[in-house]
>>> print(open('data-v6.txt').read())   # compact mmCIF, N, CA and C atoms
# COMPACT_ATOMS: atom_id res chain seq x y z
N MET A 11 0.84 -1.18 0.00
CA MET A 11 0.00 0.00 0.00
C MET A 11 0.89 1.24 0.00
N GLN A 12 0.56 2.19 -0.84
CA GLN A 12 1.36 3.39 -0.95
C GLN A 12 0.91 4.42 0.08
N THR A 13 1.87 5.16 0.61
CA THR A 13 1.52 6.24 1.51
C THR A 13 1.64 7.54 0.74
N LEU A 14 0.75 8.48 1.02
CA LEU A 14 0.74 9.75 0.33
C LEU A 14 1.38 10.82 1.20
N LEU A 15 2.18 11.64 0.60
CA LEU A 15 2.77 12.76 1.32
C LEU A 15 1.72 13.86 1.49
N ALA A 16 1.98 14.78 2.39
CA ALA A 16 1.04 15.87 2.62
C ALA A 16 0.93 16.70 1.35
N GLY A 17 -0.29 16.92 0.88
CA GLY A 17 -0.53 17.73 -0.30
C GLY A 17 -0.48 16.95 -1.60
N ALA A 18 -0.11 15.68 -1.56
CA ALA A 18 -0.03 14.88 -2.78
C ALA A 18 -1.41 14.32 -3.10
N LYS A 19 -1.68 14.20 -4.38
CA LYS A 19 -2.97 13.67 -4.82
C LYS A 19 -2.87 12.16 -5.02
N ALA A 20 -3.97 11.48 -4.81
CA ALA A 20 -4.03 10.04 -5.04
C ALA A 20 -4.01 9.79 -6.54
N PRO A 21 -3.43 8.69 -7.00
CA PRO A 21 -3.41 8.41 -8.44
C PRO A 21 -4.83 8.18 -8.96
N THR A 22 -5.08 8.63 -10.17
CA THR A 22 -6.41 8.47 -10.75
C THR A 22 -6.58 7.05 -11.25
N LYS A 23 -7.80 6.56 -11.19
CA LYS A 23 -8.08 5.19 -11.58
C LYS A 23 -8.17 5.06 -13.10
N TYR A 24 -8.83 6.01 -13.74
CA TYR A 24 -9.02 5.95 -15.18
C TYR A 24 -8.33 7.14 -15.83
N LEU A 25 -7.84 6.95 -17.03
CA LEU A 25 -7.24 8.03 -17.78
C LEU A 25 -8.17 8.55 -18.86
N VAL A 26 -9.43 8.10 -18.84
CA VAL A 26 -10.41 8.55 -19.82
C VAL A 26 -10.89 9.94 -19.41
N PRO A 27 -10.80 10.93 -20.30
CA PRO A 27 -11.23 12.27 -19.92
C PRO A 27 -12.74 12.35 -19.72
N MET A 28 -13.15 13.11 -18.73
CA MET A 28 -14.55 13.30 -18.46
C MET A 28 -15.11 14.29 -19.48
N ALA A 29 -16.37 14.13 -19.84
CA ALA A 29 -17.00 15.02 -20.81
C ALA A 29 -17.06 16.44 -20.27
N TYR A 30 -16.75 17.40 -21.12
CA TYR A 30 -16.86 18.79 -20.72
C TYR A 30 -18.33 19.18 -20.64
N GLN A 31 -18.62 20.28 -19.97
CA GLN A 31 -20.00 20.70 -19.77
C GLN A 31 -20.71 20.91 -21.10
N SER A 32 -20.05 21.50 -22.10
CA SER A 32 -20.69 21.72 -23.39
C SER A 32 -21.04 20.40 -24.06
N GLN A 33 -20.19 19.39 -23.93
CA GLN A 33 -20.47 18.09 -24.52
C GLN A 33 -21.58 17.38 -23.77
N ARG A 34 -21.66 17.58 -22.47
CA ARG A 34 -22.73 16.96 -21.69
C ARG A 34 -24.09 17.48 -22.15
N GLU A 35 -24.20 18.77 -22.35
CA GLU A 35 -25.48 19.34 -22.78
C GLU A 35 -25.86 18.80 -24.14
N GLU A 36 -24.89 18.64 -25.03
CA GLU A 36 -25.16 18.11 -26.35
C GLU A 36 -25.62 16.66 -26.27
N ILE A 37 -25.02 15.88 -25.39
CA ILE A 37 -25.38 14.48 -25.24
C ILE A 37 -26.79 14.34 -24.65
N GLU A 38 -27.13 15.16 -23.67
CA GLU A 38 -28.40 15.02 -22.98
C GLU A 38 -29.60 15.44 -23.83
N GLN A 39 -29.36 16.13 -24.95
CA GLN A 39 -30.47 16.55 -25.79
C GLN A 39 -31.14 15.40 -26.52
N LYS A 40 -30.48 14.27 -26.59
CA LYS A 40 -31.05 13.10 -27.24
C LYS A 40 -32.20 12.57 -26.39
N LYS A 41 -33.40 12.51 -26.97
CA LYS A 41 -34.57 12.11 -26.19
C LYS A 41 -34.67 10.59 -26.03
N PHE A 42 -34.28 9.86 -27.06
CA PHE A 42 -34.43 8.41 -27.03
C PHE A 42 -33.07 7.76 -27.23
N VAL A 43 -32.69 6.88 -26.33
CA VAL A 43 -31.42 6.16 -26.43
C VAL A 43 -31.71 4.84 -27.11
N ASP A 44 -31.10 4.63 -28.28
CA ASP A 44 -31.36 3.43 -29.07
C ASP A 44 -30.16 2.49 -29.00
N TYR A 45 -30.41 1.20 -28.84
CA TYR A 45 -29.31 0.25 -28.74
C TYR A 45 -28.59 0.07 -30.08
N LYS A 46 -29.20 0.50 -31.18
CA LYS A 46 -28.58 0.36 -32.50
C LYS A 46 -27.64 1.51 -32.84
N ASP A 47 -27.65 2.55 -32.02
CA ASP A 47 -26.78 3.72 -32.24
C ASP A 47 -25.43 3.47 -31.56
N VAL A 48 -24.61 2.65 -32.19
CA VAL A 48 -23.35 2.19 -31.60
C VAL A 48 -22.36 3.34 -31.36
N PRO A 49 -22.15 4.27 -32.30
CA PRO A 49 -21.20 5.37 -32.01
C PRO A 49 -21.59 6.20 -30.79
N TYR A 50 -22.88 6.41 -30.59
CA TYR A 50 -23.35 7.16 -29.43
C TYR A 50 -23.08 6.38 -28.14
N LEU A 51 -23.31 5.07 -28.16
CA LEU A 51 -23.11 4.26 -26.96
C LEU A 51 -21.64 4.09 -26.61
N ARG A 52 -20.75 4.11 -27.62
CA ARG A 52 -19.32 3.97 -27.36
C ARG A 52 -18.76 5.14 -26.56
N GLN A 53 -19.45 6.29 -26.57
CA GLN A 53 -19.01 7.44 -25.78
C GLN A 53 -19.07 7.14 -24.29
N PHE A 54 -19.90 6.20 -23.90
CA PHE A 54 -20.12 5.88 -22.49
C PHE A 54 -19.39 4.61 -22.07
N MET A 55 -18.44 4.16 -22.88
CA MET A 55 -17.67 2.96 -22.57
C MET A 55 -16.20 3.30 -22.51
N SER A 56 -15.48 2.64 -21.60
CA SER A 56 -14.03 2.82 -21.49
C SER A 56 -13.36 2.05 -22.63
N PRO A 57 -12.07 2.28 -22.85
CA PRO A 57 -11.35 1.51 -23.88
C PRO A 57 -11.33 0.01 -23.61
N HIS A 58 -11.61 -0.38 -22.37
CA HIS A 58 -11.66 -1.80 -22.01
C HIS A 58 -13.07 -2.36 -22.10
N ALA A 59 -13.97 -1.63 -22.75
CA ALA A 59 -15.37 -2.02 -22.99
C ALA A 59 -16.20 -2.08 -21.71
N LYS A 60 -15.80 -1.34 -20.68
CA LYS A 60 -16.61 -1.25 -19.46
C LYS A 60 -17.53 -0.03 -19.56
N ILE A 61 -18.69 -0.13 -18.95
CA ILE A 61 -19.61 1.00 -18.92
C ILE A 61 -19.11 1.99 -17.88
N MET A 62 -18.96 3.25 -18.29
CA MET A 62 -18.49 4.28 -17.36
C MET A 62 -19.61 4.69 -16.43
N GLY A 63 -19.24 5.10 -15.24
CA GLY A 63 -20.20 5.47 -14.22
C GLY A 63 -20.83 6.83 -14.45
N LYS A 64 -21.83 7.11 -13.64
CA LYS A 64 -22.58 8.36 -13.74
C LYS A 64 -21.71 9.57 -13.44
N LYS A 65 -20.81 9.43 -12.50
CA LYS A 65 -19.91 10.55 -12.18
C LYS A 65 -18.98 10.86 -13.33
N ARG A 66 -18.54 9.84 -14.02
CA ARG A 66 -17.60 10.02 -15.13
C ARG A 66 -18.30 10.63 -16.35
N THR A 67 -19.53 10.20 -16.64
CA THR A 67 -20.23 10.67 -17.84
C THR A 67 -20.97 11.98 -17.61
N GLY A 68 -21.36 12.25 -16.36
CA GLY A 68 -22.09 13.47 -16.07
C GLY A 68 -23.57 13.42 -16.41
N MET A 69 -24.10 12.23 -16.62
CA MET A 69 -25.51 12.08 -16.96
C MET A 69 -26.34 11.97 -15.68
N SER A 70 -27.65 12.22 -15.83
CA SER A 70 -28.54 12.03 -14.70
C SER A 70 -28.73 10.54 -14.45
N ALA A 71 -29.25 10.19 -13.30
CA ALA A 71 -29.42 8.77 -12.95
C ALA A 71 -30.38 8.08 -13.92
N HIS A 72 -31.44 8.76 -14.30
CA HIS A 72 -32.43 8.18 -15.22
C HIS A 72 -31.80 7.90 -16.58
N LYS A 73 -31.07 8.88 -17.12
CA LYS A 73 -30.42 8.71 -18.42
C LYS A 73 -29.33 7.64 -18.36
N GLN A 74 -28.61 7.58 -17.24
CA GLN A 74 -27.55 6.59 -17.09
C GLN A 74 -28.13 5.18 -17.12
N ARG A 75 -29.29 4.98 -16.50
CA ARG A 75 -29.94 3.66 -16.53
C ARG A 75 -30.36 3.30 -17.95
N GLU A 76 -30.89 4.29 -18.70
CA GLU A 76 -31.28 4.03 -20.09
C GLU A 76 -30.07 3.66 -20.95
N ILE A 77 -28.97 4.37 -20.75
CA ILE A 77 -27.76 4.12 -21.52
C ILE A 77 -27.20 2.73 -21.18
N THR A 78 -27.19 2.39 -19.90
CA THR A 78 -26.69 1.08 -19.47
C THR A 78 -27.53 -0.04 -20.08
N LEU A 79 -28.83 0.13 -20.07
CA LEU A 79 -29.72 -0.89 -20.65
C LEU A 79 -29.49 -1.00 -22.15
N ALA A 80 -29.30 0.12 -22.84
CA ALA A 80 -29.05 0.10 -24.29
C ALA A 80 -27.72 -0.58 -24.60
N ILE A 81 -26.69 -0.32 -23.79
CA ILE A 81 -25.39 -0.97 -24.01
C ILE A 81 -25.51 -2.47 -23.80
N LYS A 82 -26.24 -2.89 -22.78
CA LYS A 82 -26.41 -4.32 -22.53
C LYS A 82 -27.18 -4.99 -23.65
N ARG A 83 -28.18 -4.31 -24.19
CA ARG A 83 -28.94 -4.86 -25.33
C ARG A 83 -28.05 -4.97 -26.56
N ALA A 84 -27.24 -3.94 -26.81
CA ALA A 84 -26.34 -3.95 -27.97
C ALA A 84 -25.30 -5.06 -27.82
N ARG A 85 -24.84 -5.33 -26.62
CA ARG A 85 -23.91 -6.43 -26.39
C ARG A 85 -24.57 -7.76 -26.70
N TYR A 86 -25.80 -7.92 -26.23
CA TYR A 86 -26.52 -9.17 -26.46
C TYR A 86 -26.75 -9.41 -27.96
N MET A 87 -27.02 -8.33 -28.71
CA MET A 87 -27.26 -8.44 -30.15
C MET A 87 -25.96 -8.57 -30.94
N GLY A 88 -24.81 -8.39 -30.28
CA GLY A 88 -23.54 -8.53 -30.95
C GLY A 88 -23.02 -7.26 -31.60
N LEU A 89 -23.62 -6.11 -31.27
CA LEU A 89 -23.18 -4.84 -31.85
C LEU A 89 -22.01 -4.24 -31.09
N LEU A 90 -21.92 -4.54 -29.80
CA LEU A 90 -20.82 -4.06 -28.96
C LEU A 90 -20.14 -5.26 -28.31
N PRO A 91 -18.85 -5.15 -28.01
CA PRO A 91 -18.15 -6.28 -27.39
C PRO A 91 -18.39 -6.33 -25.87
N TYR A 92 -18.34 -7.52 -25.32
CA TYR A 92 -18.37 -7.69 -23.88
C TYR A 92 -17.00 -7.34 -23.30
N LEU A 93 -15.95 -7.73 -24.01
CA LEU A 93 -14.57 -7.47 -23.60
C LEU A 93 -13.83 -6.83 -24.75
N ALA A 94 -12.90 -5.94 -24.44
CA ALA A 94 -12.08 -5.35 -25.50
C ALA A 94 -11.01 -6.36 -25.91
N ALA A 95 -10.77 -6.44 -27.18
CA ALA A 95 -9.78 -7.41 -27.68
C ALA A 95 -8.39 -6.82 -27.70
>>> encode(input="data-v6.txt", output="structure tokens")
Amino acid sequence: MQTLLAGAKAPTKYLVPMAYQSQREEIEQKKFVDYKDVPYLRQFMSPHAKIMGKKRTGMSAHKQREITLAIKRARYMGLLPYLAA
């Protein structure tokens, strides 16, 4: 276990940049989240094909649940990978 010096920051877990406020507003304008819209859903996945959390994406809880369900449906249909290759 690493010890932190006074004033030092803890290492970040992910290196994926969080969406800026302007991008968040653009993303939230979409009224219906479709599982067939693969480029849109890839915005909410890490490079390792994991679904990013609500804090990372900046979406509301309701929208995050819709996005998660759409990603899971797209995975089941074979449009998105379960694991990154």
>>> atom_distance(input="data-v6.txt", atom1="CA of Lys73 (chain A)", atom2="CA of Phe42 (chain A)")
9.5 Å
>>> atom_distance(input="data-v6.txt", atom1="atom N of Val43 (chain A)", atom2="CA of Ala95 (chain A)")
27.0 Å
>>> closest_residue(input="data-v6.txt", among="A:Ile81, A:Tyr86, A:Ser70, A:Arg75", to="Arg52 (chain A)", atoms="only N, CA and C atoms")
A:Ile81
>>> residues_around(input="data-v6.txt", residues="Ala59 (chain A)", least_positions_apart="2", cutoff="6.5 Å", atoms="all atoms listed in the file", output="list in words")
Met55, Ser56, Pro57, Ile61, Pro91, Tyr92, Leu93 and Ala94 of chain A
>>> atom_distance(input="data-v6.txt", atom1="CA of Ile77 (chain A)", atom2="CA of His58 (chain A)")
17.2 Å
